[in-house]
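Enquirer: I am sharing data_25.txt, which consists of compact mmCIF, C-alpha atoms:
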# COMPACT_ATOMS: atom_id res chain seq x y z
CA MET B 75 67.32 4.84 -158.38
CA GLY B 76 69.88 2.67 -156.62
CA PHE B 77 71.38 3.30 -153.20
CA LYS B 78 74.75 4.42 -154.61
CA GLU B 79 73.21 6.95 -156.98
CA PHE B 80 70.91 8.23 -154.23
CA CYS B 81 73.86 8.85 -151.86
CA PHE B 82 75.82 10.54 -154.65
CA LYS B 83 72.99 12.92 -155.48
CA LYS B 84 72.35 13.71 -151.83
CA SER B 85 75.94 14.73 -151.14
CA LEU B 86 77.46 16.73 -153.99
CA TRP B 87 80.63 18.56 -153.00
CA LEU B 88 81.48 21.56 -155.13
CA PHE B 89 84.84 22.70 -156.45
CA HIS B 90 84.95 26.08 -158.12
CA PHE B 91 87.20 26.71 -161.13
CA ALA B 92 87.21 30.29 -162.39
CA GLY B 93 88.73 30.87 -165.83
CA ALA B 94 89.41 34.36 -167.18
CA SER B 95 86.27 35.55 -165.51
CA CYS B 96 85.03 39.06 -164.78
CA ASN B 97 84.25 37.79 -161.22
CA ASN B 98 80.55 38.41 -161.59
CA CYS B 99 79.67 34.71 -161.84
CA ASP B 100 82.05 33.96 -158.94
CA ILE B 101 80.10 36.35 -156.76
CA GLU B 102 76.79 34.81 -157.82
CA ILE B 103 78.12 31.29 -157.06
CA LEU B 104 79.20 32.43 -153.59
CA ASP B 105 75.71 33.93 -153.17
CA CYS B 106 74.30 30.39 -153.32
CA LEU B 107 76.15 29.57 -150.08
CA THR B 108 74.75 32.57 -148.19
CA PRO B 109 71.80 32.34 -145.75
CA ARG B 110 69.29 33.51 -148.34
CA TYR B 111 69.87 30.63 -150.80
CA ASP B 112 71.85 28.05 -148.72
CA VAL B 113 72.77 25.09 -150.94
CA GLU B 114 73.77 23.10 -147.83
CA ARG B 115 70.05 22.18 -147.70
CA PHE B 116 70.84 19.82 -150.57
CA GLY B 117 73.99 18.54 -148.87
CA MET B 118 76.33 20.64 -151.00
CA VAL B 119 79.46 22.16 -149.53
CA LEU B 120 82.34 24.01 -151.13
CA VAL B 121 85.56 21.98 -150.72
CA GLY B 122 89.14 23.20 -150.88
CA SER B 123 90.77 20.29 -152.69
CA VAL B 124 89.65 18.91 -156.07
CA ARG B 125 90.32 15.39 -154.74
CA HIS B 126 87.15 15.72 -152.63
CA ALA B 127 85.00 17.22 -155.38
CA ASP B 128 81.93 15.71 -157.05
CA VAL B 129 80.92 18.77 -159.04
CA LEU B 130 83.29 21.01 -160.99
CA LEU B 131 81.81 24.48 -161.46
CA VAL B 132 83.49 26.24 -164.38
CA ASN B 133 82.85 29.87 -165.20
CA GLY B 134 84.56 32.57 -167.21
CA SER B 135 86.01 32.37 -170.70
CA ILE B 136 88.67 29.67 -171.09
CA ASN B 137 91.75 31.11 -172.79
CA GLN B 138 94.94 29.38 -174.01
CA ARG B 139 96.55 29.45 -170.57
CA ASP B 140 93.49 28.25 -168.69
CA LYS B 141 92.95 25.33 -171.06
CA SER B 142 95.82 23.16 -169.78
CA ARG B 143 94.97 24.03 -166.18
CA LEU B 144 91.32 23.09 -166.64
CA LEU B 145 92.36 19.77 -168.21
CA GLU B 146 94.77 19.12 -165.33
CA ILE B 147 92.12 19.90 -162.70
CA TYR B 148 89.67 17.63 -164.53
CA GLU B 149 92.18 14.76 -164.56
CA GLN B 150 93.02 15.24 -160.88
CA ALA B 151 89.39 14.90 -159.78
CA PRO B 152 88.11 11.45 -158.77
CA LYS B 153 85.36 10.12 -161.04
CA PRO B 154 82.32 10.16 -161.25
CA LEU B 155 82.47 13.90 -161.69
CA VAL B 156 79.71 16.28 -162.80
CA VAL B 157 80.83 19.35 -164.74
CA VAL B 158 78.63 22.44 -164.73
CA ALA B 159 79.36 25.38 -167.03
CA ILE B 160 78.10 28.62 -165.50
CA GLY B 161 77.46 31.94 -167.26
CA ALA B 162 77.50 33.03 -170.87
CA CYS B 163 81.31 32.77 -171.10
CA GLY B 164 81.36 29.24 -169.73
CA CYS B 165 78.54 28.01 -171.96
CA THR B 166 79.40 29.63 -175.30
CA GLY B 167 82.29 32.05 -174.91
CA GLY B 168 80.06 35.11 -174.65
CA ILE B 169 81.68 38.34 -175.79
CA PHE B 170 85.11 36.65 -175.83
CA ALA B 171 84.06 34.00 -178.39
CA GLU B 172 85.95 35.67 -181.27
CA GLY B 173 89.00 36.77 -179.30
CA ASP B 174 92.55 35.71 -180.28
CA THR B 175 93.36 34.01 -176.98
CA PHE B 176 90.01 32.23 -176.66
CA ALA B 177 90.45 28.42 -176.48
CA GLY B 178 86.88 27.34 -176.97
CA PRO B 179 83.91 27.08 -174.62
CA VAL B 180 84.16 24.57 -171.76
CA ASP B 181 82.42 21.71 -173.64
CA LYS B 182 85.14 21.71 -176.32
CA ILE B 183 87.75 20.90 -173.65
CA ILE B 184 85.97 18.62 -171.14
CA PRO B 185 82.51 16.95 -171.22
CA VAL B 186 79.85 19.16 -169.64
CA ASP B 187 76.73 17.80 -167.88
CA ALA B 188 74.77 21.00 -167.31
CA TYR B 189 74.74 24.54 -168.68
CA ILE B 190 73.52 27.50 -166.67
CA PRO B 191 73.43 30.52 -169.02
CA GLY B 192 73.15 34.16 -168.03
CA CYS B 193 75.49 37.11 -167.63
CA PRO B 194 75.67 36.51 -164.71
CA PRO B 195 73.02 33.86 -163.92
CA LYS B 196 70.95 34.76 -160.87
CA PRO B 197 71.43 32.55 -157.79
CA GLU B 198 67.87 31.32 -158.37
CA ALA B 199 68.91 30.19 -161.86
CA ILE B 200 71.95 28.35 -160.46
CA LEU B 201 69.75 26.63 -157.85
CA ALA B 202 67.21 25.70 -160.55
CA GLY B 203 70.01 24.21 -162.66
CA ILE B 204 71.28 22.22 -159.68
CA VAL B 205 67.80 20.89 -158.89
CA LYS B 206 67.32 19.87 -162.53
CA LEU B 207 70.67 18.08 -162.35
CA LEU B 208 69.56 16.26 -159.18
CA ASN B 209 66.33 15.09 -160.83
CA LYS B 210 68.01 13.99 -164.05
CA MET S 134 86.69 -13.93 -127.69
CA ALA S 135 83.30 -13.49 -129.37
CA GLU S 136 82.31 -11.09 -126.61
CA GLN S 137 85.43 -8.96 -127.12
CA LEU S 138 84.81 -8.86 -130.87
CA PHE S 139 81.21 -7.80 -130.25
CA TYR S 140 82.46 -5.02 -127.93
CA PHE S 141 84.98 -3.84 -130.48
CA LEU S 142 82.90 -4.06 -133.65
CA ILE S 143 79.30 -3.45 -132.64
CA TYR S 144 78.01 -2.19 -129.34
CA PRO S 145 80.24 0.31 -127.64
CA GLY S 146 82.88 0.16 -130.34
CA LEU S 147 82.97 0.83 -134.06
CA LEU S 148 79.33 0.70 -135.19
CA PHE S 149 77.59 2.32 -132.20
CA ALA S 150 80.19 5.08 -131.75
CA ALA S 151 80.21 5.81 -135.48
CA VAL S 152 76.42 6.06 -135.75
CA VAL S 153 76.11 8.31 -132.68
CA GLY S 154 79.10 10.35 -133.88
CA ALA S 155 77.52 10.79 -137.31
CA PHE S 156 74.31 12.14 -135.76
CA LEU S 157 76.39 14.45 -133.55
CA SER S 158 78.22 15.66 -136.65
CA TRP S 159 74.83 16.44 -138.25
CA TYR S 160 73.86 18.29 -135.03
CA ASP S 161 77.09 20.29 -135.27
CA ARG S 162 76.40 21.27 -138.89
CA LYS S 163 72.75 22.11 -138.12
CA ILE S 164 73.73 24.36 -135.19
CA THR S 165 76.34 26.01 -137.41
CA ALA S 166 73.62 26.66 -140.00
CA TRP S 167 71.27 28.11 -137.37
CA VAL S 168 74.02 30.39 -136.05
CA GLN S 169 74.42 31.72 -139.58
CA PHE S 170 70.61 31.97 -140.13
CA ARG S 171 70.65 29.12 -142.67
CA LYS S 172 68.48 26.04 -142.85
CA GLY S 173 71.19 23.39 -142.74
CA PRO S 174 71.61 19.86 -144.08
CA PRO S 175 69.08 17.00 -143.74
CA LEU S 176 69.30 14.53 -140.83
CA PHE S 177 71.07 11.70 -142.67
CA GLN S 178 73.63 13.96 -144.36
CA PRO S 179 76.73 12.42 -142.65
CA PHE S 180 75.59 8.95 -143.80
CA TYR S 181 75.12 10.17 -147.39
CA ASP S 182 78.60 11.70 -147.30
CA PHE S 183 80.16 8.55 -145.89
CA PHE S 184 78.47 6.10 -148.27
CA LYS S 185 79.12 8.32 -151.26
CA LEU S 186 82.83 8.38 -150.47
CA LEU S 187 82.91 4.68 -149.62
CA LEU S 188 80.91 3.24 -152.53
CA VAL S 189 80.78 5.74 -155.38
CA LYS S 190 83.98 7.75 -155.60
CA GLU S 191 87.20 6.64 -157.22
CA THR S 192 90.34 6.29 -155.07
CA ILE S 193 93.34 8.14 -156.48
CA LEU S 194 96.81 7.07 -155.34
CA PRO S 195 99.69 9.55 -155.20
CA LYS S 196 102.21 8.98 -157.97
CA HIS S 197 105.33 10.04 -156.08
CA GLY S 198 104.27 8.96 -152.62
CA SER S 199 104.29 5.78 -150.59
CA LYS S 200 101.06 4.05 -151.59
CA GLY S 201 100.95 1.38 -148.87
CA VAL S 202 101.39 3.86 -146.01
CA PHE S 203 98.94 6.25 -147.68
CA LEU S 204 96.24 3.55 -147.69
CA ALA S 205 97.08 2.04 -144.29
CA ALA S 206 97.00 5.32 -142.33
CA PRO S 207 93.17 5.82 -142.44
CA ILE S 208 92.60 2.20 -141.36
CA PHE S 209 94.86 2.70 -138.35
CA ALA S 210 93.00 5.94 -137.59
CA VAL S 211 89.68 4.06 -137.45
CA PHE S 212 91.29 1.29 -135.39
CA GLY S 213 92.78 3.73 -132.85
CA ALA S 214 89.59 5.76 -132.56
CA SER S 215 87.31 2.76 -132.10
CA ILE S 216 89.54 0.95 -129.60
CA ALA S 217 89.80 4.18 -127.57
CA GLY S 218 86.01 4.34 -127.87
CA VAL S 219 85.68 0.81 -126.43
CA PHE S 220 87.90 1.65 -123.44
CA ILE S 221 86.00 4.89 -122.77
CA LEU S 222 82.47 3.63 -123.35
CA LEU S 223 82.65 0.27 -121.52
CA PRO S 224 82.91 1.88 -118.04
CA LEU S 225 80.81 4.87 -119.09
CA LEU S 226 77.81 2.81 -120.20
CA GLY S 227 78.23 0.46 -117.23
CA ILE S 228 78.90 -2.68 -119.28
CA GLU S 229 82.25 -3.65 -117.80
CA SER S 230 84.36 -2.03 -115.13
CA GLY S 231 87.54 -1.72 -117.20
CA PHE S 232 90.93 -2.20 -115.57
CA LYS S 233 93.26 -0.24 -113.33
CA GLY S 234 95.18 2.44 -115.22
CA ASP S 235 92.91 2.59 -118.26
CA ILE S 236 93.02 6.40 -118.29
CA ILE S 237 96.70 6.21 -119.28
CA VAL S 238 95.90 3.71 -122.07
CA ILE S 239 93.03 5.92 -123.33
CA PHE S 240 95.35 8.93 -123.32
CA TYR S 241 97.78 7.15 -125.64
CA LEU S 242 95.06 5.65 -127.86
CA LEU S 243 93.43 9.06 -128.39
CA THR S 244 96.68 10.28 -129.97
CA ILE S 245 96.66 7.55 -132.65
CA PRO S 246 94.20 9.20 -135.12
CA SER S 247 96.13 12.50 -135.19
CA LEU S 248 99.44 10.64 -135.61
CA THR S 249 98.09 8.55 -138.47
CA TYR S 250 96.80 11.68 -140.21
CA ILE S 251 100.35 13.04 -140.08
CA ILE S 252 101.82 9.79 -141.40
CA GLY S 253 99.25 9.62 -144.20
CA ALA S 254 99.79 13.26 -145.13
CA LEU S 255 103.57 12.91 -145.27
CA ALA S 256 103.24 9.73 -147.36
CA THR S 257 101.51 11.63 -150.18
CA GLY S 258 104.50 13.71 -151.20
CA ASN S 259 102.27 16.76 -151.61
CA PRO S 260 103.93 19.98 -150.31
CA LEU S 261 100.65 21.37 -148.93
CA ALA S 262 100.02 18.08 -147.11
CA ALA S 263 103.54 18.33 -145.67
CA VAL S 264 102.75 21.84 -144.39
CA GLY S 265 99.53 20.51 -142.84
CA GLY S 266 101.37 17.55 -141.32
CA SER S 267 104.02 19.74 -139.70
CA ARG S 268 101.30 22.00 -138.29
CA GLU S 269 99.39 19.04 -136.87
CA MET S 270 102.63 17.81 -135.27
CA LYS S 271 103.21 21.19 -133.58
CA LEU S 272 99.59 21.19 -132.43
CA ILE S 273 99.96 17.72 -130.89
CA LEU S 274 103.17 18.75 -129.13
CA SER S 275 101.41 21.75 -127.62
CA TYR S 276 98.07 20.26 -126.52
CA GLU S 277 99.23 16.85 -125.25
CA LEU S 278 101.05 18.38 -122.26
CA THR S 279 97.94 20.38 -121.38
CA PHE S 280 95.78 17.29 -121.79
CA ILE S 281 97.93 15.22 -119.43
CA LEU S 282 97.94 18.08 -116.89
CA VAL S 283 94.13 18.06 -117.01
CA LEU S 284 94.12 14.30 -116.47
CA ALA S 285 96.58 14.76 -113.59
CA GLY S 286 94.23 17.29 -112.01
CA ILE S 287 91.30 14.91 -112.30
CA ILE S 288 93.33 12.00 -110.90
CA GLN S 289 94.31 14.16 -107.95
CA LYS S 290 90.68 15.10 -107.33
CA ALA S 291 89.80 11.40 -107.39
CA GLY S 292 92.35 10.60 -104.68
CA MET S 293 95.06 9.22 -107.00
CA SER S 294 92.74 6.71 -108.68
CA ILE S 295 93.69 5.98 -112.29
CA SER S 296 90.69 3.87 -113.25
CA LEU S 297 87.87 5.51 -115.21
CA ASN S 298 85.28 3.30 -113.52
CA GLU S 299 86.45 4.29 -110.01
CA ILE S 300 86.43 7.98 -110.95
CA ILE S 301 82.84 7.72 -112.23
CA SER S 302 81.57 5.77 -109.19
CA LEU S 303 83.32 8.24 -106.86
CA GLN S 304 81.44 11.08 -108.56
CA VAL S 305 78.13 9.22 -108.33
CA LEU S 306 78.68 8.89 -104.57
CA ASN S 307 80.20 12.29 -103.68
CA GLY S 308 78.91 14.68 -106.36
CA VAL S 309 80.52 15.59 -109.67
CA PHE S 310 84.03 17.06 -109.96
CA GLY S 311 82.77 19.68 -112.42
CA GLY S 312 80.88 21.41 -109.62
CA SER S 313 83.94 22.72 -107.74
CA LEU S 314 86.08 25.72 -108.73
CA SER S 315 89.03 23.61 -109.89
CA GLY S 316 86.60 21.35 -111.75
CA ILE S 317 85.21 24.31 -113.71
CA ILE S 318 88.74 25.43 -114.68
CA LEU S 319 89.63 21.87 -115.73
CA PHE S 320 86.41 21.73 -117.80
CA ILE S 321 87.35 24.90 -119.71
CA VAL S 322 90.87 23.63 -120.43
CA PHE S 323 89.52 20.20 -121.44
CA ILE S 324 87.06 21.80 -123.91
CA PHE S 325 89.91 23.63 -125.66
CA CYS S 326 91.97 20.42 -125.75
CA ILE S 327 89.05 18.64 -127.46
CA GLN S 328 88.78 21.53 -129.90
CA ALA S 329 92.44 21.07 -130.85
CA LYS S 330 92.19 17.27 -130.94
CA LEU S 331 89.25 17.42 -133.34
CA ALA S 332 90.97 20.20 -135.35
CA LEU S 333 87.90 22.45 -135.09
CA VAL S 334 88.05 26.08 -136.05
CA PRO S 335 90.26 28.09 -133.73
CA PHE S 336 92.84 25.30 -134.10
CA ASP S 337 92.13 24.01 -137.61
CA ALA S 338 95.42 25.26 -139.07
CA PRO S 339 96.43 21.70 -140.16
CA GLU S 340 93.34 21.41 -142.39
CA ALA S 341 92.82 25.08 -143.27
CA GLU S 342 90.62 24.77 -146.34
CA THR S 343 90.90 28.28 -147.67
CA GLU S 344 94.61 28.53 -147.01
CA ILE S 345 96.29 25.19 -147.78
CA ALA S 346 93.30 23.55 -149.52
CA GLY S 347 92.57 20.81 -147.01
CA GLY S 348 96.14 20.37 -145.70
CA ILE S 349 96.59 16.87 -144.32
CA MET S 350 93.49 15.61 -146.16
CA ILE S 351 94.37 17.16 -149.52
CA GLU S 352 95.26 13.96 -151.42
CA TYR S 353 92.62 11.67 -149.91
CA SER S 354 89.67 10.67 -152.06
CA GLY S 355 87.16 7.83 -152.16
CA THR S 356 87.36 4.96 -149.67
CA PRO S 357 90.40 6.16 -147.62
CA TYR S 358 88.70 9.53 -147.13
CA ALA S 359 85.54 7.70 -146.01
CA MET S 360 87.69 5.92 -143.39
CA ILE S 361 89.02 9.29 -142.18
CA LYS S 362 85.45 10.60 -141.97
CA LEU S 363 84.52 7.51 -139.92
CA ALA S 364 87.43 8.09 -137.53
CA LYS S 365 86.34 11.72 -137.19
CA TYR S 366 82.73 10.76 -136.42
CA ILE S 367 83.94 8.34 -133.72
CA MET S 368 86.26 10.96 -132.18
CA PHE S 369 83.41 13.48 -132.23
CA PHE S 370 81.41 11.22 -129.91
CA ILE S 371 84.06 9.68 -127.63
CA LEU S 372 85.91 12.86 -126.66
CA PRO S 373 82.81 14.62 -125.24
CA ALA S 374 81.86 11.28 -123.65
CA PHE S 375 85.32 11.07 -122.02
CA LEU S 376 84.90 14.62 -120.70
CA ILE S 377 81.50 13.75 -119.24
CA GLY S 378 82.89 10.60 -117.66
CA LEU S 379 85.77 12.44 -116.02
CA LEU S 380 84.08 15.65 -114.89
CA TRP S 381 80.29 15.31 -115.07
CA GLY S 382 79.71 11.95 -113.46
CA GLY S 383 79.31 9.75 -116.49
CA LEU S 384 76.21 8.62 -118.35
CA ASN S 385 73.26 6.72 -116.92
CA PHE S 386 70.71 4.89 -119.04
CA GLU S 387 68.03 3.98 -116.50
CA GLY S 388 64.58 5.56 -116.71
CA ILE S 389 64.48 9.36 -116.93
CA ASN S 390 68.29 9.56 -116.67
CA ILE S 391 68.51 8.77 -120.40
CA LEU S 392 67.25 12.27 -121.17
CA TRP S 393 69.75 13.82 -118.76
CA SER S 394 72.65 11.83 -120.30
CA ILE S 395 71.70 12.84 -123.85
CA LEU S 396 71.40 16.48 -122.78
CA LYS S 397 74.90 16.34 -121.26
CA ILE S 398 76.43 15.13 -124.54
CA LEU S 399 74.42 17.60 -126.64
CA PHE S 400 75.47 20.46 -124.34
CA VAL S 401 79.18 19.65 -124.63
CA VAL S 402 78.93 19.39 -128.43
CA LEU S 403 76.94 22.65 -128.48
CA LEU S 404 79.80 24.37 -126.62
CA LEU S 405 82.34 23.01 -129.13
CA THR S 406 80.17 24.17 -132.04
CA LEU S 407 79.64 27.65 -130.63
CA ILE S 408 83.38 28.07 -130.00
CA ARG S 409 84.06 26.98 -133.56
CA ASN S 410 81.48 29.38 -134.98
CA THR S 411 82.50 32.48 -133.07
CA ASN S 412 86.26 32.36 -133.48
CA PRO S 413 88.68 32.93 -136.34
CA ARG S 414 91.45 30.48 -137.18
CA VAL S 415 94.60 31.19 -135.19
CA LYS S 416 98.09 30.87 -136.62
CA ILE S 417 99.96 27.76 -135.53
CA LYS S 418 102.40 29.93 -133.55
CA GLN S 419 99.50 31.51 -131.65
CA ALA S 420 97.94 28.09 -131.01
CA VAL S 421 101.20 26.71 -129.57
CA ARG S 422 101.59 29.78 -127.36
CA TYR S 423 97.95 29.57 -126.28
CA PHE S 424 98.35 26.01 -125.03
CA LEU S 425 101.91 26.10 -123.72
CA VAL S 426 101.46 29.33 -121.74
CA TRP S 427 97.83 30.06 -120.92
CA MET S 428 96.13 26.67 -120.88
CA ASN S 429 99.01 25.04 -118.97
CA LEU S 430 98.88 27.90 -116.47
CA LEU S 431 95.14 27.38 -115.96
CA ALA S 432 95.60 23.62 -115.58
CA ILE S 433 98.36 24.09 -112.98
CA ILE S 434 96.20 26.59 -111.07
CA ALA S 435 93.40 24.00 -111.08
CA ILE S 436 95.76 21.31 -109.76
CA VAL S 437 96.92 23.62 -106.94
CA LEU S 438 93.32 24.54 -106.09
CA SER S 439 92.27 20.90 -106.02
CA TYR S 440 95.23 20.16 -103.72
CA PHE S 441 93.67 22.58 -101.23
CA GLY S 442 90.29 20.91 -101.72
CA LEU S 443 88.57 23.73 -103.63
Before anything else, please render the file you have as structure tokens.
Expert:
Amino acid sequence: MGFKEFCFKKSLWLFHFAGASCNNCDIEILDCLTPRYDVERFGMVLVGSVRHADVLLVNGSINQRDKSRLLEIYEQAPKPLVVVAIGACGCTGGIFAEGDTFAGPVDKIIPVDAYIPGCPPKPEAILAGIVKLLNK
Amino acid sequence: MAEQLFYFLIYPGLLFAAVVGAFLSWYDRKITAWVQFRKGPPLFQPFYDFFKLLLVKETILPKHGSKGVFLAAPIFAVFGASIAGVFILLPLLGIESGFKGDIIVIFYLLTIPSLTYIIGALATGNPLAAVGGSREMKLILSYELTFILVLAGIIQKAGMSISLNEIISLQVLNGVFGGSLSGIILFIVFIFCIQAKLALVPFDAPEAETEIAGGIMIEYSGTPYAMIKLAKYIMFFILPAFLIGLLWGGLNFEGINILWSILKILFVVLLLTLIRNTNPRVKIKQAVRYFLVWMNLLAIIAIVLSYFGL
């Protein structure tokens, strides 16, 4: 592993994009920042602007309106960018998969590097997914 | 010439101040984590952040902004911060004695990073950056007067000497200024000025992450953002060092005094961190009022007290 890649993996800054979500995954993502789970151990912080982001966390079902916004956010982010789809809706569409307004799961719109399934995934599952991503 | 370049680039200047500042920034994040019962980031985290931004990330230029000014602003921020660092650290570390009136020069140089952040933010053409820039401008207008009143108080305590080296040697001979009543008041006011200069939490309205998504920093990515981080690391070291030089008798690196000097710096940064962790963000109107009314009042009281020798 080169020096550049090492620095990148040691300092992933997260940007959180919530589609038409039921807010359950959002709460579980915020749980990862709390004292009990604390992702800052791995050098991860939640940033306010997508220009500073290294990881785009996408959860919730992506409907027709969210699609253009997700694409815009993805284009605004500086590359290299890691995209993580969180929750059943983000990975496959979940119970919304056959809805009229559904615009496809996240990987139909932008390339996805990691999937963390679950409805919602436990914080432990999100941490396990992140660690697997770091060791990839 | 070679000596000056060495001073500017390596020993008290850019490299040394940035490395110490990066470790202090880790210390700040670790203390924050402990206050919140978390574990906190690893020791080299600021270096990982800096090199990731510098080497790995792409730099995005604003489409509707002024690209040259946008890219030049962070470089000027690093330049201003490190040259202020040279003027502060040369007398403080006992390398050179500086010149007469260097406090005034340092005062102006310390304003350069904040000014360049404003210029860079306004060059992006982003409305949220413009909001952040106007807030930072109001903050500068409010704390600079307080800062110069504090410096005036210290100059009066030093018998109208405006050389940092003379002030430090006077304290070594006659005891530190921070020990008297007016010195304690000046210390409190100075701490809040540093808090506003570094845009830490009670006064972080220009960068408010949850409110205006990073404010003045919103459009920066990649290498220019790494430069801003570098300027922030340097400022995080030199401002507490300046405070220690003016009020706590400077630093001394002979024998056991090394430990004492390091403890002084760590204690000042600890105070800044605890203030930032136990306070909410104030509105910009409240921040202006806080400095223009209360902090100025305290500084003037300290000047009057020091006039009567208290």
Enquirer: Write out as a PyMOL selection string every residue belonging to chain B that has an atom at most 10 Å from any atom of chain S, counting all atoms listed in the file.
Expert: chain B and resi 77-87+107-128+150-155
Enquirer: What does the distance between atom CA of Met293 of chain S and atom CA of Ile324 of chain S come to in Å, to one decimal place?
Expert: 22.5 Å
Enquirer: By how many Å are atom CA of Met270 of chain S and atom CA of Ile245 of chain S apart?
Expert: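 Separation of atom CA of Met270 of chain S and atom CA of Ile245 of chain S: 12.2 Å.
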Enquirer: Measuring between all atoms listed in the file, which one of S:Ile395, S:Ala217, S:Leu376, S:Thr257 shows the shortest distance to Gly201 of chain S?
Expert: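 Distance minimum relative to Gly201 of chain S lands on S:Thr257.
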Enquirer: Between B:Pro197, B:Gly192, B:Gly93, B:Gly161, which is the closest to Ala177 of chain B once you count only C-alpha atoms?
Expert: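 Closest to Ala177 of chain B, using only C-alpha atoms: B:Gly93.
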